[in-house]
>>> print(open('model_26.pdb').read())   # PDB, C-alpha atoms and all ligand atoms
ATOM      1  CA  MET A   9      83.820  88.596  96.334
ATOM      2  CA  THR A  10      84.385  87.496  99.908
ATOM      3  CA  PRO A  11      87.596  85.537 100.389
ATOM      4  CA  ASP A  12      87.482  82.221 102.192
ATOM      5  CA  PHE A  13      88.262  82.995 105.833
ATOM      6  CA  GLU A  14      88.152  79.379 106.974
ATOM      7  CA  PRO A  15      91.861  78.545 106.320
ATOM      8  CA  ILE A  16      92.893  81.422 108.611
ATOM      9  CA  ILE A  17      91.062  80.055 111.637
ATOM     10  CA  ASP A  18      91.901  76.439 110.777
ATOM     11  CA  GLY A  19      95.565  77.430 110.556
ATOM     12  CA  ILE A  20      95.526  79.220 113.909
ATOM     13  CA  LEU A  21      93.917  76.224 115.616
ATOM     14  CA  ALA A  22      96.226  73.678 113.970
ATOM     15  CA  ASN A  23      99.554  75.541 113.746
ATOM     16  CA  GLY A  24      99.281  78.759 115.740
ATOM     17  CA  TYR A  25      98.974  80.981 112.685
ATOM     18  CA  GLY A  26      96.781  81.300 109.614
ATOM     19  CA  ILE A  27      97.462  82.590 106.112
ATOM     20  CA  VAL A  28      95.192  83.394 103.226
ATOM     21  CA  ASP A  29      96.314  84.681  99.839
ATOM     22  CA  ASN A  30      94.103  87.092  97.918
ATOM     23  CA  PHE A  31      92.511  88.516 101.053
ATOM     24  CA  LEU A  32      92.792  91.586  98.832
ATOM     25  CA  SER A  33      92.603  91.304  95.045
ATOM     26  CA  ALA A  34      95.543  92.526  92.956
ATOM     27  CA  ASP A  35      93.607  95.720  92.108
ATOM     28  CA  GLU A  36      92.697  96.388  95.752
ATOM     29  CA  THR A  37      96.294  95.764  96.807
ATOM     30  CA  ALA A  38      97.632  98.151  94.168
ATOM     31  CA  ALA A  39      95.096 100.840  95.122
ATOM     32  CA  LEU A  40      96.061 100.608  98.806
ATOM     33  CA  ALA A  41      99.781 100.679  97.975
ATOM     34  CA  THR A  42      99.157 103.877  95.965
ATOM     35  CA  GLN A  43      97.168 105.291  98.870
ATOM     36  CA  LEU A  44      99.998 104.441 101.267
ATOM     37  CA  ARG A  45     102.563 106.208  99.059
ATOM     38  CA  THR A  46     100.353 109.275  98.638
ATOM     39  CA  ARG A  47     100.017 109.629 102.399
ATOM     40  CA  TYR A  48     103.711 108.874 102.910
ATOM     41  CA  GLU A  49     104.751 111.548 100.449
ATOM     42  CA  ALA A  50     102.350 113.981 102.139
ATOM     43  CA  GLY A  51     104.434 113.551 105.312
ATOM     44  CA  GLN A  52     101.729 111.756 107.295
ATOM     45  CA  PHE A  53     103.902 108.857 108.495
ATOM     46  CA  ARG A  54     105.896 108.762 111.744
ATOM     47  CA  GLN A  55     108.790 106.615 112.886
ATOM     48  CA  ALA A  56     107.232 103.730 114.830
ATOM     49  CA  ALA A  57     107.867 103.648 118.582
ATOM     50  CA  ILE A  58     108.233 100.685 120.897
ATOM     51  CA  GLY A  59     105.750 100.050 123.686
ATOM     52  CA  ASN A  60     102.339 101.434 124.280
ATOM     53  CA  GLN A  61     102.370 104.738 126.106
ATOM     54  CA  SER A  62     106.063 105.372 125.621
ATOM     55  CA  VAL A  63     107.464 107.237 122.663
ATOM     56  CA  VAL A  64     110.767 105.408 122.553
ATOM     57  CA  VAL A  65     112.054 105.332 119.015
ATOM     58  CA  GLU A  66     114.780 102.758 118.586
ATOM     59  CA  LYS A  67     115.474 102.173 114.920
ATOM     60  CA  SER A  68     117.767  99.232 115.613
ATOM     61  CA  ILE A  69     114.804  97.374 117.125
ATOM     62  CA  ARG A  70     112.095  98.592 114.787
ATOM     63  CA  GLY A  71     112.711 100.450 111.522
ATOM     64  CA  ASP A  72     109.246 100.977 110.114
ATOM     65  CA  GLU A  73     107.335 104.223 109.659
ATOM     66  CA  ILE A  74     103.619 104.027 110.335
ATOM     67  CA  LEU A  75     100.310 105.831 109.957
ATOM     68  CA  TRP A  76      97.191 104.796 111.862
ATOM     69  CA  ILE A  77      94.052 104.581 109.746
ATOM     70  CA  ASP A  78      91.326 106.872 110.966
ATOM     71  CA  GLU A  79      87.853 105.688 109.986
ATOM     72  CA  ALA A  80      86.627 109.264 109.848
ATOM     73  CA  THR A  81      89.101 110.232 107.104
ATOM     74  CA  ALA A  82      89.391 106.862 105.338
ATOM     75  CA  THR A  83      89.305 106.926 101.537
ATOM     76  CA  SER A  84      87.094 104.541  99.559
ATOM     77  CA  ASP A  85      90.052 102.172  99.034
ATOM     78  CA  GLU A  86      90.673 102.101 102.778
ATOM     79  CA  VAL A  87      86.960 101.543 103.463
ATOM     80  CA  VAL A  88      87.097  98.444 101.220
ATOM     81  CA  PHE A  89      89.847  97.084 103.471
ATOM     82  CA  LEU A  90      88.098  98.014 106.734
ATOM     83  CA  ASP A  91      84.828  96.458 105.496
ATOM     84  CA  ARG A  92      86.612  93.216 104.632
ATOM     85  CA  ILE A  93      88.205  93.175 108.088
ATOM     86  CA  ASN A  94      84.752  93.639 109.627
ATOM     87  CA  GLN A  95      83.503  90.651 107.608
ATOM     88  CA  PHE A  96      86.433  88.674 108.995
ATOM     89  CA  ILE A  97      85.591  89.807 112.551
ATOM     90  CA  ASP A  98      81.987  88.624 112.035
ATOM     91  CA  TYR A  99      83.262  85.286 110.742
ATOM     92  CA  VAL A 100      85.607  84.807 113.713
ATOM     93  CA  ASN A 101      82.869  85.712 116.186
ATOM     94  CA  ARG A 102      80.471  83.232 114.576
ATOM     95  CA  THR A 103      82.977  80.364 114.532
ATOM     96  CA  CYS A 104      85.217  80.939 117.579
ATOM     97  CA  TYR A 105      83.223  83.024 120.058
ATOM     98  CA  LEU A 106      86.212  85.243 120.748
ATOM     99  CA  GLY A 107      83.929  88.234 121.256
ATOM    100  CA  LEU A 108      85.908  90.528 118.998
ATOM    101  CA  GLN A 109      84.661  94.063 119.124
ATOM    102  CA  GLU A 110      86.774  96.145 116.760
ATOM    103  CA  GLY A 111      89.981  96.429 114.797
ATOM    104  CA  GLU A 112      92.700  99.083 114.726
ATOM    105  CA  PHE A 113      95.098  99.263 111.806
ATOM    106  CA  HIS A 114      98.138 101.178 110.645
ATOM    107  CA  TYR A 115     100.048 101.351 107.410
ATOM    108  CA  ALA A 116     103.686 100.369 107.734
ATOM    109  CA  LEU A 117     106.579 101.189 105.438
ATOM    110  CA  TYR A 118     109.886  99.471 106.164
ATOM    111  CA  PRO A 119     112.703 101.236 104.292
ATOM    112  CA  ALA A 120     115.188  98.849 102.646
ATOM    113  CA  GLY A 121     117.518  97.362 105.254
ATOM    114  CA  THR A 122     115.146  97.770 108.199
ATOM    115  CA  GLY A 123     113.164  95.169 110.157
ATOM    116  CA  TYR A 124     111.526  94.584 113.513
ATOM    117  CA  GLN A 125     113.347  92.434 116.058
ATOM    118  CA  ARG A 126     111.723  89.461 117.732
ATOM    119  CA  HIS A 127     108.757  90.514 119.888
ATOM    120  CA  LEU A 128     105.275  89.712 121.164
ATOM    121  CA  ASP A 129     102.452  92.050 120.073
ATOM    122  CA  ARG A 130     100.372  92.276 123.172
ATOM    123  CA  PHE A 131     101.411  95.031 125.530
ATOM    124  CA  ARG A 132     101.028  94.338 129.217
ATOM    125  CA  SER A 133      98.923  97.474 129.469
ATOM    126  CA  ASP A 134      96.452  96.399 126.775
ATOM    127  CA  SER A 135      94.980  92.957 127.197
ATOM    128  CA  ARG A 136      92.278  93.671 124.622
ATOM    129  CA  ARG A 137      94.482  92.710 121.684
ATOM    130  CA  LYS A 138      93.404  89.189 120.728
ATOM    131  CA  LEU A 139      94.499  88.659 117.144
ATOM    132  CA  SER A 140      97.351  90.236 115.188
ATOM    133  CA  VAL A 141      96.663  90.725 111.500
ATOM    134  CA  ILE A 142      99.105  91.714 108.767
ATOM    135  CA  CYS A 143      98.138  92.297 105.153
ATOM    136  CA  TYR A 144     100.921  92.917 102.624
ATOM    137  CA  LEU A 145     100.792  95.518  99.878
ATOM    138  CA  ASN A 146     103.886  94.596  97.834
ATOM    139  CA  THR A 147     103.985  93.973  94.091
ATOM    140  CA  ASP A 148     106.193  91.290  92.535
ATOM    141  CA  TRP A 149     107.894  90.317  95.775
ATOM    142  CA  GLN A 150     110.629  87.693  95.290
ATOM    143  CA  ASP A 151     112.053  85.410  97.990
ATOM    144  CA  THR A 152     115.457  86.952  97.271
ATOM    145  CA  ASP A 153     114.068  90.373  98.312
ATOM    146  CA  GLY A 154     114.116  89.137 101.944
ATOM    147  CA  GLY A 155     111.673  90.837 104.321
ATOM    148  CA  GLN A 156     110.153  87.584 105.529
ATOM    149  CA  LEU A 157     108.015  87.485 108.626
ATOM    150  CA  ALA A 158     109.612  84.869 110.892
ATOM    151  CA  LEU A 159     107.184  83.095 113.240
ATOM    152  CA  PHE A 160     108.674  81.256 116.212
ATOM    153  CA  LEU A 161     106.373  78.313 116.833
ATOM    154  CA  LEU A 162     106.565  76.411 120.080
ATOM    155  CA  GLN A 163     106.296  72.660 119.446
ATOM    156  CA  PRO A 164     104.511  70.249 121.815
ATOM    157  CA  ASP A 165     107.924  68.781 122.779
ATOM    158  CA  GLY A 166     109.097  72.245 123.899
ATOM    159  CA  SER A 167     111.359  72.868 120.932
ATOM    160  CA  GLU A 168     110.946  75.826 118.610
ATOM    161  CA  GLN A 169     110.324  75.829 114.893
ATOM    162  CA  THR A 170     110.783  78.912 112.695
ATOM    163  CA  GLU A 171     108.308  79.442 109.893
ATOM    164  CA  LEU A 172     109.042  82.076 107.238
ATOM    165  CA  VAL A 173     106.266  84.008 105.492
ATOM    166  CA  THR A 174     107.017  85.958 102.310
ATOM    167  CA  PRO A 175     105.225  89.351 102.247
ATOM    168  CA  ILE A 176     103.333  88.813  99.001
ATOM    169  CA  GLY A 177     100.757  91.471  98.079
ATOM    170  CA  GLY A 178      97.164  90.593  99.046
ATOM    171  CA  ARG A 179      98.317  87.949 101.532
ATOM    172  CA  LEU A 180      96.953  88.091 105.082
ATOM    173  CA  VAL A 181      98.613  86.515 108.130
ATOM    174  CA  CYS A 182      96.867  86.190 111.486
ATOM    175  CA  PHE A 183      97.889  84.852 114.903
ATOM    176  CA  GLU A 184      97.126  85.238 118.597
ATOM    177  CA  SER A 185      98.722  88.446 119.862
ATOM    178  CA  ASP A 186      99.774  87.184 123.288
ATOM    179  CA  ARG A 187     101.249  83.881 122.123
ATOM    180  CA  LEU A 188     103.357  84.032 119.026
ATOM    181  CA  GLU A 189     106.751  85.716 119.008
ATOM    182  CA  HIS A 190     107.814  86.942 115.589
ATOM    183  CA  GLU A 191     110.216  89.243 113.760
ATOM    184  CA  VAL A 192     110.471  91.081 110.468
ATOM    185  CA  ARG A 193     113.669  90.356 108.569
ATOM    186  CA  PRO A 194     115.306  93.214 106.671
ATOM    187  CA  ALA A 195     114.568  93.403 102.955
ATOM    188  CA  THR A 196     116.567  94.709 100.018
ATOM    189  CA  ARG A 197     113.629  96.900  98.980
ATOM    190  CA  GLU A 198     110.847  98.916 100.589
ATOM    191  CA  ARG A 199     108.270  96.701 102.290
ATOM    192  CA  LEU A 200     104.625  97.811 102.561
ATOM    193  CA  SER A 201     101.824  96.488 104.748
ATOM    194  CA  LEU A 202      98.712  97.128 106.758
ATOM    195  CA  THR A 203      99.099  95.839 110.312
ATOM    196  CA  GLY A 204      96.519  95.718 113.030
ATOM    197  CA  TRP A 205      94.837  94.106 115.951
ATOM    198  CA  LEU A 206      91.401  92.699 116.516
ATOM    199  CA  LYS A 207      90.335  93.573 120.020
ATOM    200  CA  THR A 208      87.748  92.486 122.530
ATOM    201  CA  ARG A 209      85.552  94.821 124.501
TER     202      ARG A 209
HETATM  203  O1  LIG B 301     105.001  93.236 108.910
HETATM  204  C1  LIG B 301     105.049  92.145 109.476
HETATM  205  O2  LIG B 301     105.233  91.084 108.834
HETATM  206  C2  LIG B 301     104.916  92.076 110.990
HETATM  207  C3  LIG B 301     104.775  93.425 111.667
HETATM  208  C4  LIG B 301     104.780  93.330 113.166
HETATM  209  O3  LIG B 301     105.204  92.361 113.735
HETATM  210  C5  LIG B 301     104.222  94.430 113.990
HETATM  211  O4  LIG B 301     103.964  95.532 113.468
HETATM  212  O5  LIG B 301     104.034  94.223 115.203
HETATM  213 FE    FE B 302     104.436  92.283 115.692
END
>>> encode(input="model_26.pdb", output="structure tokens", more="lines below")
Ligand SMILES: O=C(O)CCC(=O)C(=O)O
Ligand SMILES: [Fe+2]
Amino acid sequence: MTPDFEPIIDGILANGYGIVDNFLSADETAALATQLRTRYEAGQFRQAAIGNQSVVVEKSIRGDEILWIDEATATSDEVVFLDRINQFIDYVNRTCYLGLQEGEFHYALYPAGTGYQRHLDRFRSDSRRKLSVICYLNTDWQDTDGGQLALFLLQPDGSEQTELVTPIGGRLVCFESDRLEHEVRPATRERLSLTGWLKTR
């Protein structure tokens, strides 16, 4: 079943970010979490770097380990995710005329105690990143586990409001890559996600 994409775009237009729960079903989320762990245990993940071309690894800024998804070697569970993202891209292009061309996604595993300090997603060297998308793969996440995504929303009066998003499995968050500063707060347990960007030509 196709999830309802409308609240994501409505949310971005009204508040600067959109959320939809059950972007992935519980079964799809569990299958992708298993897939992530299989690849992690096979040694396929790398410590995430900061910046685009650079290979600066600074764990105090960013503690996650990542693996980019390669369409050519994607498993059937990963293809389900990529297909759903393509449906979302079609929806966005029909409703917003953003001219999205493609997505690029990586798995991310944040070991307990790690986060990602406040940042903006769009690199100066890559203006093709339009929308940031994060889909969480956690089971039974509690508020007390921490690991919230903090979104720093600029208000019309110039003040800033912080919105906290709990990384519940199957939930998808989306915002404009060049606008919204955000951070990942450390969690008391491992935190799993698929993160990516929808890009223009
Ligand atoms: O996992 C999240 O909630 C956000 C991740 C993030 O900001 C990033 O990878 O750029
Ligand atoms: Fe980010």
>>> atom_distance(input="model_26.pdb", atom1="CA of Trp149 in chain A", atom2="atom O4 of ligand LIG 301 (chain B)")
18.9 Å
>>> closest_residue(input="model_26.pdb", among="A:Thr196, A:Leu202, A:Ile20, A:Glu36", to="Cys104 in chain A", atoms="all atoms listed in the file")
A:Ile20
>>> residues_around(input="model_26.pdb", residues="Ile93 in chain A", least_positions_apart="2", cutoff="12 Å", atoms="all atoms listed in the file", output="ChimeraX atom specification")
/A:10-11,13,31-32,86-91,95-100,108-113,139-143,180,182,202-206
>>> residues_near_point(input="model_26.pdb", point="(112.6, 93.5, 95.9)", cutoff="8 Å", atoms="all atoms listed in the file", output="list in words")
Asp148, Trp149, Gln150, Thr152, Asp153, Gly154, Ala195, Thr196, Arg197 and Glu198 of chain A
>>> closest_residue(input="model_26.pdb", among="A:Glu168, A:Asp186, A:Asp12, A:Glu66", to="Arg92 in chain A", atoms="all atoms listed in the file")
A:Asp12
>>> residues_near_ligand(input="model_26.pdb", ligand="ligand LIG 301 (chain B)", cutoff="8 Å", atoms="all atoms listed in the file", output="list in words")
Ala116, Tyr124, His127, Leu128, Asp129, Ser140, Ile142, Cys143, Tyr144, Gly155, Gln156, Leu157, Ala158, Val173, Pro175, His190, Glu191, Val192, Leu200, Ser201, Leu202, Thr203 and Gly204 of chain A
>>> decode(input="model_26.pdb", residues="range 98-195 of chain A", atoms="C-alpha atoms", output="mmCIF file, in the first residue's frame")
data_model
loop_
_atom_site.group_PDB
_atom_site.id
_atom_site.type_symbol
_atom_site.label_atom_id
_atom_site.label_comp_id
_atom_site.auth_asym_id
_atom_site.auth_seq_id
_atom_site.Cartn_x
_atom_site.Cartn_y
_atom_site.Cartn_z
ATOM 1 C CA ASP A 98 6.995 11.320 -8.532
ATOM 2 C CA TYR A 99 4.487 12.732 -6.050
ATOM 3 C CA VAL A 100 6.697 15.731 -5.223
ATOM 4 C CA ASN A 101 7.331 16.444 -8.900
ATOM 5 C CA ARG A 102 3.602 16.325 -9.658
ATOM 6 C CA THR A 103 2.629 18.621 -6.780
ATOM 7 C CA CYS A 104 5.602 20.987 -6.331
ATOM 8 C CA TYR A 105 7.448 21.108 -9.655
ATOM 9 C CA LEU A 106 10.800 20.826 -7.916
ATOM 10 C CA GLY A 107 12.197 18.842 -10.837
ATOM 11 C CA LEU A 108 13.669 16.107 -8.685
ATOM 12 C CA GLN A 109 15.753 13.706 -10.674
ATOM 13 C CA GLU A 110 17.079 11.054 -8.308
ATOM 14 C CA GLY A 111 17.789 10.064 -4.740
ATOM 15 C CA GLU A 112 20.956 8.883 -3.003
ATOM 16 C CA PHE A 113 20.739 7.080 0.315
ATOM 17 C CA HIS A 114 22.969 5.620 2.990
ATOM 18 C CA TYR A 115 22.365 3.488 6.028
ATOM 19 C CA ALA A 116 23.482 5.094 9.264
ATOM 20 C CA LEU A 117 24.274 3.452 12.579
ATOM 21 C CA TYR A 118 24.898 5.757 15.530
ATOM 22 C CA PRO A 119 26.561 3.817 18.363
ATOM 23 C CA ALA A 120 25.135 4.609 21.815
ATOM 24 C CA GLY A 121 26.415 7.973 23.035
ATOM 25 C CA THR A 122 27.088 9.427 19.586
ATOM 26 C CA GLY A 123 25.239 12.132 17.638
ATOM 27 C CA TYR A 124 25.727 14.672 14.882
ATOM 28 C CA GLN A 125 26.254 18.305 15.850
ATOM 29 C CA ARG A 126 24.155 21.107 14.428
ATOM 30 C CA HIS A 127 24.635 21.443 10.658
ATOM 31 C CA LEU A 128 23.077 22.193 7.281
ATOM 32 C CA ASP A 129 22.949 19.320 4.759
ATOM 33 C CA ARG A 130 23.700 21.064 1.538
ATOM 34 C CA PHE A 131 27.377 21.290 0.725
ATOM 35 C CA ARG A 132 28.527 24.401 -1.068
ATOM 36 C CA SER A 133 29.986 22.171 -3.757
ATOM 37 C CA ASP A 134 26.715 20.339 -4.440
ATOM 38 C CA SER A 135 23.719 22.535 -5.064
ATOM 39 C CA ARG A 136 21.715 19.610 -6.431
ATOM 40 C CA ARG A 137 20.562 18.477 -2.997
ATOM 41 C CA LYS A 138 17.003 19.777 -2.652
ATOM 42 C CA LEU A 139 15.333 17.662 0.007
ATOM 43 C CA SER A 140 16.832 15.786 2.953
ATOM 44 C CA VAL A 141 15.037 12.584 3.870
ATOM 45 C CA ILE A 142 15.528 10.417 6.948
ATOM 46 C CA CYS A 143 13.711 7.153 7.570
ATOM 47 C CA TYR A 144 14.190 5.442 10.941
ATOM 48 C CA LEU A 145 14.673 1.718 11.413
ATOM 49 C CA ASN A 146 14.404 1.409 15.213
ATOM 50 C CA THR A 147 12.127 -0.968 17.104
ATOM 51 C CA ASP A 148 10.400 0.023 20.349
ATOM 52 C CA TRP A 149 12.083 3.404 20.621
ATOM 53 C CA GLN A 150 11.176 5.264 23.833
ATOM 54 C CA ASP A 151 11.499 9.016 24.422
ATOM 55 C CA THR A 152 13.843 8.197 27.307
ATOM 56 C CA ASP A 153 16.234 6.521 24.818
ATOM 57 C CA GLY A 154 17.157 10.024 23.553
ATOM 58 C CA GLY A 155 18.463 10.220 19.980
ATOM 59 C CA GLN A 156 15.976 12.874 18.921
ATOM 60 C CA LEU A 157 16.460 14.810 15.730
ATOM 61 C CA ALA A 158 16.403 18.485 16.741
ATOM 62 C CA LEU A 159 15.150 20.866 14.036
ATOM 63 C CA PHE A 160 15.967 24.552 14.454
ATOM 64 C CA LEU A 161 13.054 26.412 12.906
ATOM 65 C CA LEU A 162 13.363 30.079 12.096
ATOM 66 C CA GLN A 163 10.168 31.930 13.053
ATOM 67 C CA PRO A 164 8.754 34.861 11.048
ATOM 68 C CA ASP A 165 9.730 37.207 13.925
ATOM 69 C CA GLY A 166 13.372 36.085 13.604
ATOM 70 C CA SER A 167 13.395 33.939 16.718
ATOM 71 C CA GLU A 168 14.221 30.247 16.671
ATOM 72 C CA GLN A 169 12.085 27.346 17.777
ATOM 73 C CA THR A 170 13.466 23.845 18.398
ATOM 74 C CA GLU A 171 11.318 20.914 17.371
ATOM 75 C CA LEU A 172 12.269 17.414 18.541
ATOM 76 C CA VAL A 173 11.539 14.321 16.448
ATOM 77 C CA THR A 174 11.732 10.864 18.030
ATOM 78 C CA PRO A 175 13.366 8.300 15.689
ATOM 79 C CA ILE A 176 10.483 5.833 15.620
ATOM 80 C CA GLY A 177 10.788 2.935 13.159
ATOM 81 C CA GLY A 178 8.968 3.480 9.842
ATOM 82 C CA ARG A 179 8.796 7.246 10.378
ATOM 83 C CA LEU A 180 10.040 9.526 7.597
ATOM 84 C CA VAL A 181 11.166 13.137 8.064
ATOM 85 C CA CYS A 182 11.794 15.490 5.151
ATOM 86 C CA PHE A 183 12.984 19.096 4.848
ATOM 87 C CA GLU A 184 14.756 21.451 2.462
ATOM 88 C CA SER A 185 18.478 20.686 2.504
ATOM 89 C CA ASP A 186 19.742 24.257 2.203
ATOM 90 C CA ARG A 187 17.416 25.783 4.793
ATOM 91 C CA LEU A 188 16.956 23.808 7.946
ATOM 92 C CA GLU A 189 19.749 23.419 10.477
ATOM 93 C CA HIS A 190 19.436 20.308 12.610
ATOM 94 C CA GLU A 191 21.322 17.975 14.935
ATOM 95 C CA VAL A 192 21.151 14.406 16.166
ATOM 96 C CA ARG A 193 21.147 14.102 19.943
ATOM 97 C CA PRO A 194 23.055 11.208 21.503
ATOM 98 C CA ALA A 195 21.002 8.166 22.463
#
